[in-house]
Structures are given as structure tokens and as C-alpha cells.
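Please read the structure below before turning to the comments.
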Amino acid sequence: MSDITWIIIAGAVATYATRIGGHLVLSRFQRIPPRLNAALNAVPAAVLTTLVAPAAVSNGPAEAITLIIAAVVALRLNLVAVLVVGAIAIIALRAAGLG
């Protein structure tokens, strides 16, 4: 098998292991402690940050402006609204020639 096939298999195994591991750990609790609940609620924001921040730093100003707009919207609205506003902002800024 090629290297790419092995990388895909390893990624699938790692993903499956972390999902099952998380389920096994959380199934041991009768009630999720508040600190753990807060940590789990922070995961989506952390994942989005790891996806968006490199693009904002290494690309043009459209990405940086979109990141700022999304951060401001995130203070007031839910995640779906932030994604929609961010998508509209990046499309508009790139169409305006900033991308």
C-alpha cells in the first residue's frame, strides 16, 4: 500500500479512538462537572481558531478583516450566524478585490 493509504488509515484509527475514548470517559460521570462542561463548550471555538487564524495571518487583508468581523459577531450571536456572516464577509471582500 502507498504512504497516503497508510496516512488515511492512521487518521481514521486516531479519529475513531478519540471519539470512543471521549465517550468512555464521559459515560463514567453521573453528571458532567461544570469545569468539564465549560471545557467541552470551548472546543468548537478552539477548532475554528486553528482553522481560521493561519489563513488570516498568511493571506491577504480579506481574511484578517473577516476574522475581526466574525469575532465581533460572535460576541452577540450564535455559531451558525457567525459562520453565515463570516462566509458573506469573505465572499464580499474577495469580490471587492481585497483577496
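Residue numbering restarts at 1 for every chain of the C-alpha cells, chains are lettered A, B, ... in their displayed order, and ligands are numbered from 1 as they appear.
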How would you write, as a ChimeraX atom specification, the set of residues in chain A that DSSP gives as helix (DSSP H, G or I)?
/A:3-27,34-58,61-74,79-95
I'd like the contact shell of Gly86 of chain A - 8 Å cut-off, only C-alpha atoms, skipping same-chain residues fewer than 5 positions apart - returned as a ChimeraX atom specification.
/A:66-67,69-70
Limited to N, CA, C and O atoms, could you put the picked residues into a file as a PDB file, in the first residue's frame?
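That gives us result.pdb:
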ATOM      1  N   THR A  66     -12.264  39.616   7.788  1.00  0.00           N
ATOM      2  CA  THR A  66     -13.339  38.659   8.066  1.00  0.00           C
ATOM      3  C   THR A  66     -13.213  38.084   9.466  1.00  0.00           C
ATOM      4  O   THR A  66     -14.215  37.908  10.166  1.00  0.00           O
ATOM      5  N   LEU A  67     -12.002  37.804   9.892  1.00  0.00           N
ATOM      6  CA  LEU A  67     -11.781  37.284  11.247  1.00  0.00           C
ATOM      7  C   LEU A  67     -12.242  38.293  12.296  1.00  0.00           C
ATOM      8  O   LEU A  67     -12.889  37.930  13.277  1.00  0.00           O
ATOM      9  N   ILE A  69     -14.502  40.710  11.850  1.00  0.00           N
ATOM     10  CA  ILE A  69     -15.970  40.789  11.757  1.00  0.00           C
ATOM     11  C   ILE A  69     -16.611  39.599  12.474  1.00  0.00           C
ATOM     12  O   ILE A  69     -17.556  39.755  13.253  1.00  0.00           O
ATOM     13  N   ALA A  70     -16.097  38.408  12.235  1.00  0.00           N
ATOM     14  CA  ALA A  70     -16.653  37.210  12.867  1.00  0.00           C
ATOM     15  C   ALA A  70     -16.486  37.258  14.386  1.00  0.00           C
ATOM     16  O   ALA A  70     -17.380  36.834  15.128  1.00  0.00           O
TER      17      ALA A  70
END
Point-to-point distance in Å for atom CA of Val52 of chain A and atom CA of Ile9 of chain A:
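Between atom CA of Ile9 of chain A and atom CA of Val52 of chain A the gap works out to 26.2 Å.
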Between atom CA of Ser27 of chain A and atom CA of Ala10 of chain A, distance in Å (one decimal):
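Between these atoms lies a distance of 25.5 Å.
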Tell me which of A:Gly11, A:Pro44, A:Pro61, A:Pro34 sits closest to Asn78 of chain A, counting only C-alpha atoms.
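So, comparing all the options, the nearest one is A:Pro44.
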